[in-house]
$ cat start_24.cif   # mmCIF, C-alpha atoms
data_entry
#
loop_
_atom_site.group_PDB
_atom_site.id
_atom_site.type_symbol
_atom_site.label_atom_id
_atom_site.label_comp_id
_atom_site.auth_asym_id
_atom_site.auth_seq_id
_atom_site.Cartn_x
_atom_site.Cartn_y
_atom_site.Cartn_z
ATOM 1 C CA MET A 44 0.000 0.000 0.000
ATOM 2 C CA ASN A 45 1.260 3.484 -0.903
ATOM 3 C CA THR A 46 0.605 5.285 2.362
ATOM 4 C CA LEU A 47 1.059 8.703 0.720
ATOM 5 C CA SER A 48 -2.114 8.046 -1.289
ATOM 6 C CA LEU A 49 -4.038 8.451 1.984
ATOM 7 C CA TYR A 50 -3.737 12.201 1.437
ATOM 8 C CA ASP A 51 -5.869 11.898 -1.716
ATOM 9 C CA GLU A 52 -9.151 11.854 0.192
ATOM 10 C CA CYS A 53 -7.952 12.568 3.680
ATOM 11 C CA THR A 54 -9.568 10.826 6.661
ATOM 12 C CA LEU A 55 -6.464 10.714 8.867
ATOM 13 C CA CYS A 56 -8.173 12.347 11.851
ATOM 14 C CA PRO A 57 -11.707 12.266 13.309
ATOM 15 C CA ASN A 58 -12.647 15.368 11.269
ATOM 16 C CA ARG A 59 -12.565 13.147 8.164
ATOM 17 C CA CYS A 60 -12.520 16.154 5.830
ATOM 18 C CA GLY A 61 -12.145 14.054 2.678
ATOM 19 C CA VAL A 62 -10.109 16.721 0.872
ATOM 20 C CA ASP A 63 -7.393 16.021 -1.705
ATOM 21 C CA ARG A 64 -4.305 17.165 0.155
ATOM 22 C CA ASN A 65 -2.003 15.710 -2.519
ATOM 23 C CA GLY A 66 -3.818 18.060 -4.882
ATOM 24 C CA GLY A 67 -3.147 21.071 -2.663
ATOM 25 C CA GLN A 68 -6.448 21.199 -0.777
ATOM 26 C CA VAL A 69 -6.500 21.721 2.997
ATOM 27 C CA GLY A 70 -8.872 20.512 5.667
ATOM 28 C CA ILE A 71 -9.343 21.586 9.267
ATOM 29 C CA CYS A 72 -5.654 20.871 9.964
ATOM 30 C CA ARG A 73 -4.900 23.622 7.384
ATOM 31 C CA MET A 74 -2.129 21.572 5.792
ATOM 32 C CA THR A 75 -1.620 20.066 2.329
ATOM 33 C CA SER A 76 0.389 16.844 2.036
ATOM 34 C CA THR A 77 3.646 18.833 2.167
ATOM 35 C CA VAL A 78 5.147 18.330 5.622
ATOM 36 C CA LYS A 79 5.880 21.505 7.558
ATOM 37 C CA VAL A 80 8.115 21.446 10.636
ATOM 38 C CA ALA A 81 7.838 24.351 13.058
ATOM 39 C CA TRP A 82 10.817 23.480 15.276
ATOM 40 C CA SER A 83 13.219 20.668 16.014
ATOM 41 C CA GLY A 84 15.815 20.231 18.716
ATOM 42 C CA LEU A 85 16.514 18.917 22.213
ATOM 43 C CA HIS A 86 13.965 19.700 24.929
ATOM 44 C CA ARG A 87 14.434 18.955 28.637
ATOM 45 C CA GLY A 88 10.981 19.872 29.918
ATOM 46 C CA GLU A 89 9.033 16.678 29.202
ATOM 47 C CA GLU A 90 8.240 13.966 31.757
ATOM 48 C CA PRO A 91 11.435 12.291 33.113
ATOM 49 C CA PRO A 92 11.123 9.020 31.142
ATOM 50 C CA ILE A 93 10.832 11.070 27.950
ATOM 51 C CA SER A 94 13.539 13.709 28.524
ATOM 52 C CA GLY A 95 16.030 11.608 30.459
ATOM 53 C CA ARG A 96 19.259 13.444 31.291
ATOM 54 C CA ARG A 97 20.103 14.837 27.862
ATOM 55 C CA GLY A 98 16.674 15.817 26.584
ATOM 56 C CA SER A 99 14.058 14.571 24.147
ATOM 57 C CA GLY A 100 14.581 15.051 20.416
ATOM 58 C CA MET A 101 11.537 17.059 19.400
ATOM 59 C CA ILE A 102 9.949 17.552 16.006
ATOM 60 C CA PHE A 103 7.009 19.984 16.188
ATOM 61 C CA PHE A 104 4.753 19.712 13.156
ATOM 62 C CA THR A 105 2.780 22.680 11.841
ATOM 63 C CA GLY A 106 -1.017 22.396 11.800
ATOM 64 C CA CYS A 107 -3.430 20.501 14.022
ATOM 65 C CA PRO A 108 -6.786 18.672 13.715
ATOM 66 C CA LEU A 109 -7.926 20.534 16.853
ATOM 67 C CA HIS A 110 -7.988 24.297 17.396
ATOM 68 C CA CYS A 111 -8.111 24.620 21.165
ATOM 69 C CA ALA A 112 -9.036 28.002 22.596
ATOM 70 C CA TYR A 113 -6.167 27.789 25.099
ATOM 71 C CA CYS A 114 -3.535 26.384 22.704
ATOM 72 C CA GLN A 115 -0.041 27.343 23.828
ATOM 73 C CA ASN A 116 1.344 26.483 20.391
ATOM 74 C CA ARG A 117 -1.116 28.680 18.511
ATOM 75 C CA GLN A 118 1.679 30.130 16.343
ATOM 76 C CA ILE A 119 2.064 26.742 14.675
ATOM 77 C CA SER A 120 -1.171 24.830 15.323
ATOM 78 C CA GLY A 121 -3.401 27.125 13.304
ATOM 79 C CA SER A 122 -5.534 28.120 16.297
ATOM 80 C CA ASP A 123 -5.002 31.784 15.397
ATOM 81 C CA GLY A 124 -4.932 31.240 11.630
ATOM 82 C CA SER A 125 -1.131 31.172 11.332
ATOM 83 C CA ASP A 126 0.891 28.298 9.929
ATOM 84 C CA ASN A 127 4.498 29.051 10.885
ATOM 85 C CA GLY A 128 6.819 26.312 9.718
ATOM 86 C CA TYR A 129 9.225 25.129 7.059
ATOM 87 C CA CYS A 130 8.512 22.668 4.277
ATOM 88 C CA VAL A 131 10.562 19.471 4.299
ATOM 89 C CA THR A 132 10.702 16.409 2.084
ATOM 90 C CA THR A 133 10.316 12.919 3.509
ATOM 91 C CA GLU A 134 14.078 12.426 3.171
ATOM 92 C CA GLU A 135 14.777 15.684 5.026
ATOM 93 C CA LEU A 136 12.393 14.640 7.786
ATOM 94 C CA ALA A 137 14.334 11.395 8.149
ATOM 95 C CA GLN A 138 17.585 13.370 8.333
ATOM 96 C CA LEU A 139 16.109 15.555 11.075
ATOM 97 C CA MET A 140 15.370 12.389 13.057
ATOM 98 C CA LEU A 141 18.937 11.198 12.619
ATOM 99 C CA SER A 142 20.330 14.618 13.538
ATOM 100 C CA LEU A 143 18.516 14.493 16.884
ATOM 101 C CA GLN A 144 20.130 11.140 17.602
ATOM 102 C CA ASP A 145 23.512 12.685 16.778
ATOM 103 C CA MET A 146 22.764 15.490 19.283
ATOM 104 C CA GLY A 147 22.399 12.880 22.031
ATOM 105 C CA ALA A 148 18.611 12.803 22.343
ATOM 106 C CA GLU A 149 17.146 10.172 24.679
ATOM 107 C CA THR A 150 13.966 9.794 22.601
ATOM 108 C CA LEU A 151 12.513 10.923 19.278
ATOM 109 C CA ASN A 152 9.431 12.990 20.151
ATOM 110 C CA LEU A 153 6.916 13.558 17.334
ATOM 111 C CA VAL A 154 4.584 16.379 18.371
ATOM 112 C CA THR A 155 1.127 16.645 16.761
ATOM 113 C CA GLY A 156 1.914 14.499 13.738
ATOM 114 C CA THR A 157 -1.551 13.036 13.159
ATOM 115 C CA HIS A 158 -2.243 14.892 9.903
ATOM 116 C CA PHE A 159 1.172 13.814 8.511
ATOM 117 C CA ILE A 160 1.039 10.125 9.474
ATOM 118 C CA PRO A 161 1.774 8.790 5.928
ATOM 119 C CA SER A 162 4.896 10.957 5.548
ATOM 120 C CA ILE A 163 6.110 10.217 9.082
ATOM 121 C CA ILE A 164 5.820 6.471 8.436
ATOM 122 C CA GLU A 165 7.978 6.791 5.328
ATOM 123 C CA ALA A 166 10.523 9.017 7.115
ATOM 124 C CA LEU A 167 10.805 6.637 10.077
ATOM 125 C CA LYS A 168 11.452 3.727 7.735
ATOM 126 C CA ILE A 169 14.213 5.678 5.996
ATOM 127 C CA ALA A 170 15.752 6.834 9.282
ATOM 128 C CA LYS A 171 15.708 3.345 10.785
ATOM 129 C CA LYS A 172 17.424 1.910 7.698
ATOM 130 C CA LYS A 173 20.142 4.524 8.203
ATOM 131 C CA GLY A 174 20.684 3.641 11.855
ATOM 132 C CA MET A 175 18.091 5.580 13.847
ATOM 133 C CA ARG A 176 17.724 3.681 17.138
ATOM 134 C CA LEU A 177 15.882 6.167 19.360
ATOM 135 C CA PRO A 178 12.625 5.134 21.064
ATOM 136 C CA VAL A 179 9.832 6.877 19.171
ATOM 137 C CA VAL A 180 7.335 8.960 21.168
ATOM 138 C CA TRP A 181 3.905 9.782 19.699
ATOM 139 C CA ASN A 182 3.068 13.096 21.404
ATOM 140 C CA SER A 183 -0.615 13.572 20.680
ATOM 141 C CA SER A 184 -3.718 15.490 21.713
ATOM 142 C CA GLY A 185 -5.556 12.171 21.692
ATOM 143 C CA TYR A 186 -7.817 13.351 18.859
ATOM 144 C CA GLU A 187 -6.987 10.402 16.625
ATOM 145 C CA ASP A 188 -8.658 8.173 14.049
ATOM 146 C CA ILE A 189 -8.115 4.551 15.090
ATOM 147 C CA ASP A 190 -7.576 3.302 11.524
ATOM 148 C CA ALA A 191 -4.856 5.894 10.921
ATOM 149 C CA LEU A 192 -3.302 5.209 14.315
ATOM 150 C CA ARG A 193 -3.088 1.499 13.486
ATOM 151 C CA LEU A 194 -0.827 2.350 10.541
ATOM 152 C CA ILE A 195 1.848 4.064 12.624
ATOM 153 C CA ASP A 196 1.389 2.153 15.885
ATOM 154 C CA PRO A 197 3.967 -0.575 15.040
ATOM 155 C CA LEU A 198 6.626 2.168 14.779
ATOM 156 C CA ILE A 199 5.736 3.814 18.119
ATOM 157 C CA ASP A 200 7.489 2.857 21.349
ATOM 158 C CA ILE A 201 5.918 5.327 23.801
ATOM 159 C CA TYR A 202 2.637 7.213 23.660
ATOM 160 C CA LEU A 203 2.529 10.630 25.325
ATOM 161 C CA LEU A 204 -1.200 11.058 25.035
ATOM 162 C CA ASP A 205 -3.559 13.793 26.218
ATOM 163 C CA CYS A 206 -6.931 13.101 27.750
ATOM 164 C CA LYS A 207 -8.161 16.672 27.832
ATOM 165 C CA SER A 208 -11.537 15.858 29.371
ATOM 166 C CA LEU A 209 -14.322 13.294 29.337
ATOM 167 C CA SER A 210 -16.905 16.088 29.500
ATOM 168 C CA GLY A 211 -18.453 17.223 26.227
ATOM 169 C CA ARG A 212 -19.145 20.647 27.777
ATOM 170 C CA VAL A 213 -15.525 21.152 28.822
ATOM 171 C CA CYS A 214 -14.235 19.902 25.453
ATOM 172 C CA ALA A 215 -16.560 22.275 23.594
ATOM 173 C CA GLU A 216 -15.386 25.228 25.675
ATOM 174 C CA PHE A 217 -11.640 24.575 25.680
ATOM 175 C CA CYS A 218 -10.986 22.284 22.688
ATOM 176 C CA GLY A 219 -13.526 23.527 20.166
ATOM 177 C CA ARG A 220 -14.849 19.974 19.754
ATOM 178 C CA ALA A 221 -17.512 18.575 22.054
ATOM 179 C CA GLY A 222 -16.968 15.298 20.172
ATOM 180 C CA TYR A 223 -13.448 15.010 21.558
ATOM 181 C CA ALA A 224 -14.983 13.355 24.623
ATOM 182 C CA ASP A 225 -16.407 10.586 22.402
ATOM 183 C CA VAL A 226 -13.147 10.115 20.473
ATOM 184 C CA ILE A 227 -10.680 9.892 23.347
ATOM 185 C CA VAL A 228 -12.066 6.788 25.093
ATOM 186 C CA PRO A 229 -11.702 4.452 22.072
ATOM 187 C CA VAL A 230 -8.219 5.916 21.494
ATOM 188 C CA MET A 231 -7.189 5.197 25.095
ATOM 189 C CA ASP A 232 -8.599 1.682 24.815
ATOM 190 C CA PHE A 233 -6.669 1.064 21.596
ATOM 191 C CA VAL A 234 -3.412 2.351 23.071
ATOM 192 C CA ALA A 235 -3.994 0.308 26.226
ATOM 193 C CA SER A 236 -4.196 -2.815 24.068
ATOM 194 C CA THR A 237 -0.927 -2.116 22.242
ATOM 195 C CA HIS A 238 1.201 -0.162 24.743
ATOM 196 C CA PRO A 239 0.317 -1.161 28.299
ATOM 197 C CA TYR A 240 2.391 -0.412 31.388
ATOM 198 C CA THR A 241 6.123 -1.174 31.221
ATOM 199 C CA ASP A 242 9.272 0.269 32.794
ATOM 200 C CA LEU A 243 9.419 3.570 30.918
ATOM 201 C CA GLU A 244 12.613 4.562 32.706
ATOM 202 C CA LYS A 245 14.269 1.997 30.416
ATOM 203 C CA ARG A 246 12.595 3.598 27.362
ATOM 204 C CA MET A 247 10.483 0.525 26.715
ATOM 205 C CA ARG A 248 7.023 0.456 25.190
ATOM 206 C CA GLY A 249 4.363 2.094 27.277
ATOM 207 C CA THR A 250 2.055 5.072 27.679
ATOM 208 C CA ILE A 251 1.998 8.301 29.649
ATOM 209 C CA LEU A 252 -1.477 9.810 29.802
ATOM 210 C CA ARG A 253 -1.602 13.570 30.399
ATOM 211 C CA HIS A 254 -4.501 15.461 31.938
ATOM 212 C CA LEU A 255 -4.699 19.204 32.620
ATOM 213 C CA VAL A 256 -7.114 20.762 35.093
ATOM 214 C CA PHE A 257 -8.999 23.467 33.190
ATOM 215 C CA PRO A 258 -10.069 26.626 35.041
ATOM 216 C CA GLY A 259 -13.249 26.082 37.022
ATOM 217 C CA CYS A 260 -13.369 22.414 36.027
ATOM 218 C CA LEU A 261 -11.977 20.620 39.080
ATOM 219 C CA LYS A 262 -15.156 18.523 39.381
ATOM 220 C CA GLU A 263 -14.685 17.170 35.846
ATOM 221 C CA SER A 264 -11.021 16.413 36.569
ATOM 222 C CA MET A 265 -12.010 14.475 39.688
ATOM 223 C CA GLU A 266 -14.432 12.478 37.561
ATOM 224 C CA PHE A 267 -11.603 11.804 35.110
ATOM 225 C CA LEU A 268 -9.432 10.494 37.965
ATOM 226 C CA GLU A 269 -12.171 8.079 38.997
ATOM 227 C CA TYR A 270 -12.515 6.842 35.404
ATOM 228 C CA PHE A 271 -8.736 6.516 35.068
ATOM 229 C CA ALA A 272 -8.500 4.524 38.293
ATOM 230 C CA GLN A 273 -11.241 2.141 37.163
ATOM 231 C CA ARG A 274 -9.784 1.404 33.738
ATOM 232 C CA TYR A 275 -6.183 2.481 33.269
ATOM 233 C CA LYS A 276 -4.223 2.928 36.497
ATOM 234 C CA ASP A 277 -2.467 -0.436 36.080
ATOM 235 C CA ILE A 278 -1.900 0.169 32.355
ATOM 236 C CA PHE A 279 -0.767 3.819 31.975
ATOM 237 C CA TYR A 280 1.438 6.234 33.822
ATOM 238 C CA LEU A 281 -0.527 9.394 34.668
ATOM 239 C CA SER A 282 0.884 12.902 34.217
ATOM 240 C CA PHE A 283 -1.523 15.211 36.048
ATOM 241 C CA MET A 284 -1.040 18.916 35.358
ATOM 242 C CA VAL A 285 -2.500 21.749 37.419
ATOM 243 C CA GLN A 286 -0.640 24.775 36.071
ATOM 244 C CA PHE A 287 -2.987 26.115 33.425
ATOM 245 C CA VAL A 288 -1.102 28.903 31.645
ATOM 246 C CA PRO A 289 -3.424 30.683 29.217
ATOM 247 C CA PRO A 290 -1.876 31.969 25.984
ATOM 248 C CA LEU A 291 -1.279 35.630 25.182
ATOM 249 C CA GLY A 292 -0.676 36.430 28.853
ATOM 250 C CA ASN A 293 -4.393 36.398 29.727
ATOM 251 C CA MET A 294 -4.252 35.730 33.453
ATOM 252 C CA ASP A 295 -7.976 36.300 34.164
ATOM 253 C CA PHE A 296 -8.635 32.580 34.431
ATOM 254 C CA PRO A 297 -9.039 31.357 38.018
ATOM 255 C CA LYS A 298 -6.042 29.356 39.209
ATOM 256 C CA ILE A 299 -6.301 26.187 41.236
ATOM 257 C CA THR A 300 -6.139 26.993 44.946
ATOM 258 C CA GLU A 301 -4.066 25.218 47.570
ATOM 259 C CA ASP A 302 -7.254 23.727 49.001
ATOM 260 C CA GLU A 303 -8.267 22.379 45.589
ATOM 261 C CA TYR A 304 -4.751 21.044 45.054
ATOM 262 C CA ASP A 305 -4.961 19.224 48.392
ATOM 263 C CA GLN A 306 -8.239 17.704 47.190
ATOM 264 C CA VAL A 307 -6.414 16.369 44.126
ATOM 265 C CA ILE A 308 -3.671 14.830 46.280
ATOM 266 C CA ASP A 309 -6.293 13.252 48.540
ATOM 267 C CA LYS A 310 -8.072 11.851 45.466
ATOM 268 C CA PHE A 311 -4.836 10.245 44.240
ATOM 269 C CA GLU A 312 -4.431 8.555 47.617
ATOM 270 C CA GLU A 313 -8.089 7.516 47.785
ATOM 271 C CA LEU A 314 -7.904 5.921 44.340
ATOM 272 C CA ASP A 315 -4.462 4.414 44.980
ATOM 273 C CA ILE A 316 -2.912 6.006 41.881
ATOM 274 C CA ASP A 317 0.835 5.514 42.385
ATOM 275 C CA ASP A 318 2.586 5.530 39.018
ATOM 276 C CA GLY A 319 3.037 8.878 37.362
ATOM 277 C CA PHE A 320 3.693 12.547 37.908
ATOM 278 C CA ILE A 321 1.791 15.473 39.341
ATOM 279 C CA GLN A 322 2.723 19.119 39.018
ATOM 280 C CA GLU A 323 3.087 21.233 42.130
ATOM 281 C CA ILE A 324 1.356 24.578 42.452
ATOM 282 C CA GLY A 325 3.442 27.654 43.065
ATOM 283 C CA ASP A 326 6.040 29.402 40.987
ATOM 284 C CA GLU A 327 5.577 28.056 37.483
ATOM 285 C CA ILE A 328 7.662 28.488 34.396
ATOM 286 C CA LEU A 329 5.645 30.200 31.682
ATOM 287 C CA TRP A 330 5.673 27.569 28.972
ATOM 288 C CA ILE A 331 4.257 29.727 26.195
ATOM 289 C CA PRO A 332 6.818 29.118 23.430
ATOM 290 C CA ASP A 333 7.685 31.719 20.817
ATOM 291 C CA PHE A 334 8.279 29.860 17.579
ATOM 292 C CA ASN A 335 9.592 33.005 15.924
ATOM 293 C CA ARG A 336 12.806 32.465 17.899
ATOM 294 C CA ASP A 337 15.511 29.901 17.174
ATOM 295 C CA ASN A 338 14.897 28.572 20.691
ATOM 296 C CA PRO A 339 11.197 29.029 21.510
ATOM 297 C CA PHE A 340 11.543 27.789 25.094
ATOM 298 C CA PRO A 341 12.906 29.126 28.405
ATOM 299 C CA GLU A 342 16.679 29.429 28.522
ATOM 300 C CA GLY A 343 18.386 26.193 29.438
ATOM 301 C CA PHE A 344 15.439 23.959 28.575
ATOM 302 C CA ALA A 345 16.078 23.489 24.866
ATOM 303 C CA GLU A 346 18.555 23.827 22.029
ATOM 304 C CA PRO A 347 17.702 23.824 18.324
ATOM 305 C CA SER A 348 18.936 21.253 15.860
ATOM 306 C CA PRO A 349 21.653 22.741 13.610
ATOM 307 C CA LEU A 350 20.052 20.913 10.684
ATOM 308 C CA PHE A 351 16.683 22.504 11.475
ATOM 309 C CA LEU A 352 18.305 25.956 11.615
ATOM 310 C CA SER A 353 19.833 25.373 8.186
ATOM 311 C CA ILE A 354 16.396 24.399 6.833
ATOM 312 C CA LYS A 355 14.876 27.469 8.480
ATOM 313 C CA ARG A 356 17.394 29.853 6.894
ATOM 314 C CA ARG A 357 17.642 28.449 3.406
#
$ encode --input "start_24.cif" --output "structure tokens"
Amino acid sequence: MNTLSLYDECTLCPNRCGVDRNGGQVGICRMTSTVKVAWSGLHRGEEPPISGRRGSGMIFFTGCPLHCAYCQNRQISGSDGSDNGYCVTTEELAQLMLSLQDMGAETLNLVTGTHFIPSIIEALKIAKKKGMRLPVVWNSSGYEDIDALRLIDPLIDIYLLDCKSLSGRVCAEFCGRAGYADVIVPVMDFVASTHPYTDLEKRMRGTILRHLVFPGCLKESMEFLEYFAQRYKDIFYLSFMVQFVPPLGNMDFPKITEDEYDQVIDKFEELDIDDGFIQEIGDEILWIPDFNRDNPFPEGFAEPSPLFLSIKRR
């Protein structure tokens, strides 16, 4: 099967736009079949099994099937109508993967690649033939089409998967898709069947499930924790995030209080959720990246790939 033909009538994500991206049309992701990379380099701010000591080798793809109202990567996701990024061929994408290995990356971290799955499959095959040995991380919003995910799943070692909410109301308000709540459960079930709990510290196959507490939505997050404990706590690591940082410096959103945070900790203990990570409240690093810079992230947390910089400046 020629995987690149899947762009002809694209149904790679749950939006199922059906547009001819090989012919230059764009769907909700706002991308044709030409791969655009917004940034690539080492990043040390992911969960410990992903970043390790040296950092995770990131490739941020331009475009996104979702357009979340709070998106911190709005410069590249298309949430604000922009599509910052640099066109690369499949061969160049493979070389970027290899360059991250040469930089000493602990993992290869593919960020929001859903709408480029056919090209990423081809690039991974090329890179692996040329000696790419890094564990491959699928860093995803969770808004996936199962059939498309099945195509790339054999090449994925670790899933870094969002579960934004199980509430249609919350998903409609913050993710722009009430239907996200219906999509994410089958995706989690699929990933649970292919990448259950293992020792991620050894970069083996497994899954880290991320959940962020949205402003004013602690009740829904508590309900998520109960659902997680019932179905996934012995299958996934949980990365529970409480530091909601709205984009564009809008700090009007209510922050989680110490009392609410204590309720979260108590809930973890009540549900006996042991494996994973939970952010602390307090002084947070503002993780709003600026992709107009060579290094979009806070000083010391990332360094760009020299190959990416050469692509950027050509």
$ closest_residue --input "start_24.cif" --among "A:Phe257, A:Phe217, A:Phe287, A:Tyr280" --to "His238 in chain A" --atoms "all atoms listed in the file"
A:Tyr280
$ residues_around --input "start_24.cif" --residues "Tyr223 in chain A" --least-positions-apart "3" --cutoff "10 Å" --atoms "all atoms listed in the file" --output "number ranges by chain"
A: 57, 109, 184-187, 206-211, 213-215, 218-220, 226-228
$ residues_around --input "start_24.cif" --residues "Ile316 in chain A" --least-positions-apart "3" --cutoff "7 Å" --atoms "all atoms listed in the file" --output "PyMOL selection string"
chain A and resi 272+276+311-312
$ residues_around --input "start_24.cif" --residues "Cys72 in chain A" --least-positions-apart "4" --cutoff "12 Å" --atoms "all atoms listed in the file" --output "mmCIF file with C-alpha atoms, in the frame of the given file"
data_model
loop_
_atom_site.group_PDB
_atom_site.id
_atom_site.type_symbol
_atom_site.label_atom_id
_atom_site.label_comp_id
_atom_site.auth_asym_id
_atom_site.auth_seq_id
_atom_site.Cartn_x
_atom_site.Cartn_y
_atom_site.Cartn_z
ATOM 1 C CA CYS A 53 -7.952 12.568 3.680
ATOM 2 C CA THR A 54 -9.568 10.826 6.661
ATOM 3 C CA LEU A 55 -6.464 10.714 8.867
ATOM 4 C CA CYS A 56 -8.173 12.347 11.851
ATOM 5 C CA PRO A 57 -11.707 12.266 13.309
ATOM 6 C CA ASN A 58 -12.647 15.368 11.269
ATOM 7 C CA ARG A 59 -12.565 13.147 8.164
ATOM 8 C CA CYS A 60 -12.520 16.154 5.830
ATOM 9 C CA GLY A 61 -12.145 14.054 2.678
ATOM 10 C CA VAL A 62 -10.109 16.721 0.872
ATOM 11 C CA ARG A 64 -4.305 17.165 0.155
ATOM 12 C CA GLN A 68 -6.448 21.199 -0.777
ATOM 13 C CA SER A 76 0.389 16.844 2.036
ATOM 14 C CA VAL A 78 5.147 18.330 5.622
ATOM 15 C CA LYS A 79 5.880 21.505 7.558
ATOM 16 C CA PHE A 104 4.753 19.712 13.156
ATOM 17 C CA THR A 105 2.780 22.680 11.841
ATOM 18 C CA GLY A 106 -1.017 22.396 11.800
ATOM 19 C CA CYS A 107 -3.430 20.501 14.022
ATOM 20 C CA PRO A 108 -6.786 18.672 13.715
ATOM 21 C CA LEU A 109 -7.926 20.534 16.853
ATOM 22 C CA HIS A 110 -7.988 24.297 17.396
ATOM 23 C CA ILE A 119 2.064 26.742 14.675
ATOM 24 C CA SER A 120 -1.171 24.830 15.323
ATOM 25 C CA GLY A 121 -3.401 27.125 13.304
ATOM 26 C CA SER A 122 -5.534 28.120 16.297
ATOM 27 C CA GLY A 124 -4.932 31.240 11.630
ATOM 28 C CA SER A 125 -1.131 31.172 11.332
ATOM 29 C CA ASP A 126 0.891 28.298 9.929
ATOM 30 C CA THR A 155 1.127 16.645 16.761
ATOM 31 C CA GLY A 156 1.914 14.499 13.738
ATOM 32 C CA THR A 157 -1.551 13.036 13.159
ATOM 33 C CA HIS A 158 -2.243 14.892 9.903
ATOM 34 C CA PHE A 159 1.172 13.814 8.511
ATOM 35 C CA TYR A 186 -7.817 13.351 18.859
#
$ closest_residue --input "start_24.cif" --among "A:Pro349, A:Pro178, A:Gly147, A:Gly128" --to "Phe103 in chain A" --atoms "all atoms listed in the file"
A:Gly128
$ resolve_selection --input "start_24.cif" --expression "the PyMOL selection byres ((chain A and resi 138) around 10)" --output "mmCIF file with C-alpha atoms, in the coordinates of the input"
data_model
loop_
_atom_site.group_PDB
_atom_site.id
_atom_site.type_symbol
_atom_site.label_atom_id
_atom_site.label_comp_id
_atom_site.auth_asym_id
_atom_site.auth_seq_id
_atom_site.Cartn_x
_atom_site.Cartn_y
_atom_site.Cartn_z
ATOM 1 C CA THR A 132 10.702 16.409 2.084
ATOM 2 C CA THR A 133 10.316 12.919 3.509
ATOM 3 C CA GLU A 134 14.078 12.426 3.171
ATOM 4 C CA GLU A 135 14.777 15.684 5.026
ATOM 5 C CA LEU A 136 12.393 14.640 7.786
ATOM 6 C CA ALA A 137 14.334 11.395 8.149
ATOM 7 C CA LEU A 139 16.109 15.555 11.075
ATOM 8 C CA MET A 140 15.370 12.389 13.057
ATOM 9 C CA LEU A 141 18.937 11.198 12.619
ATOM 10 C CA SER A 142 20.330 14.618 13.538
ATOM 11 C CA LEU A 143 18.516 14.493 16.884
ATOM 12 C CA GLN A 144 20.130 11.140 17.602
ATOM 13 C CA ALA A 166 10.523 9.017 7.115
ATOM 14 C CA LEU A 167 10.805 6.637 10.077
ATOM 15 C CA ILE A 169 14.213 5.678 5.996
ATOM 16 C CA ALA A 170 15.752 6.834 9.282
ATOM 17 C CA LYS A 173 20.142 4.524 8.203
ATOM 18 C CA MET A 175 18.091 5.580 13.847
ATOM 19 C CA LEU A 350 20.052 20.913 10.684
ATOM 20 C CA PHE A 351 16.683 22.504 11.475
#
$ atom_distance --input "start_24.cif" --atom1 "CA of Trp82 in chain A" --atom2 "CA of Ile102 in chain A"
6.0 Å
$ atom_distance --input "start_24.cif" --atom1 "CA of Phe296 in chain A" --atom2 "CA of Gly343 in chain A"
28.2 Å
$ residues_around --input "start_24.cif" --residues "range 86-91 of chain A" --least-positions-apart "6" --cutoff "9 Å" --atoms "all atoms listed in the file" --output "short mmCIF file (atom, residue, chain, number, x, y, z; two decimals) with C-alpha atoms, in the coordinates of the input"
data_model
loop_
_atom_site.label_atom_id
_atom_site.label_comp_id
_atom_site.auth_asym_id
_atom_site.auth_seq_id
_atom_site.Cartn_x
_atom_site.Cartn_y
_atom_site.Cartn_z
CA ARG A 97 20.10 14.84 27.86
CA GLY A 98 16.67 15.82 26.58
CA SER A 99 14.06 14.57 24.15
CA GLY A 100 14.58 15.05 20.42
CA MET A 101 11.54 17.06 19.40
CA ALA A 148 18.61 12.80 22.34
CA GLU A 244 12.61 4.56 32.71
CA ILE A 251 2.00 8.30 29.65
CA SER A 282 0.88 12.90 34.22
CA PHE A 320 3.69 12.55 37.91
CA PHE A 340 11.54 27.79 25.09
CA GLY A 343 18.39 26.19 29.44
CA PHE A 344 15.44 23.96 28.58
CA ALA A 345 16.08 23.49 24.87
CA GLU A 346 18.56 23.83 22.03
CA PRO A 347 17.70 23.82 18.32
#
$ atom_distance --input "start_24.cif" --atom1 "CA of Arg253 in chain A" --atom2 "CA of Leu49 in chain A"
29.0 Å
$ resolve_selection --input "start_24.cif" --expression "the PyMOL selection byres ((chain A and resi 236) around 12)" --output "PyMOL selection string"
chain A and resi 193+196+229-235+237-240+248-250+274-275+278-279
$ closest_residue --input "start_24.cif" --among "A:Leu198, A:Glu263, A:Gln115, A:Asp317" --to "Val288 in chain A" --atoms "all atoms listed in the file"
A:Gln115
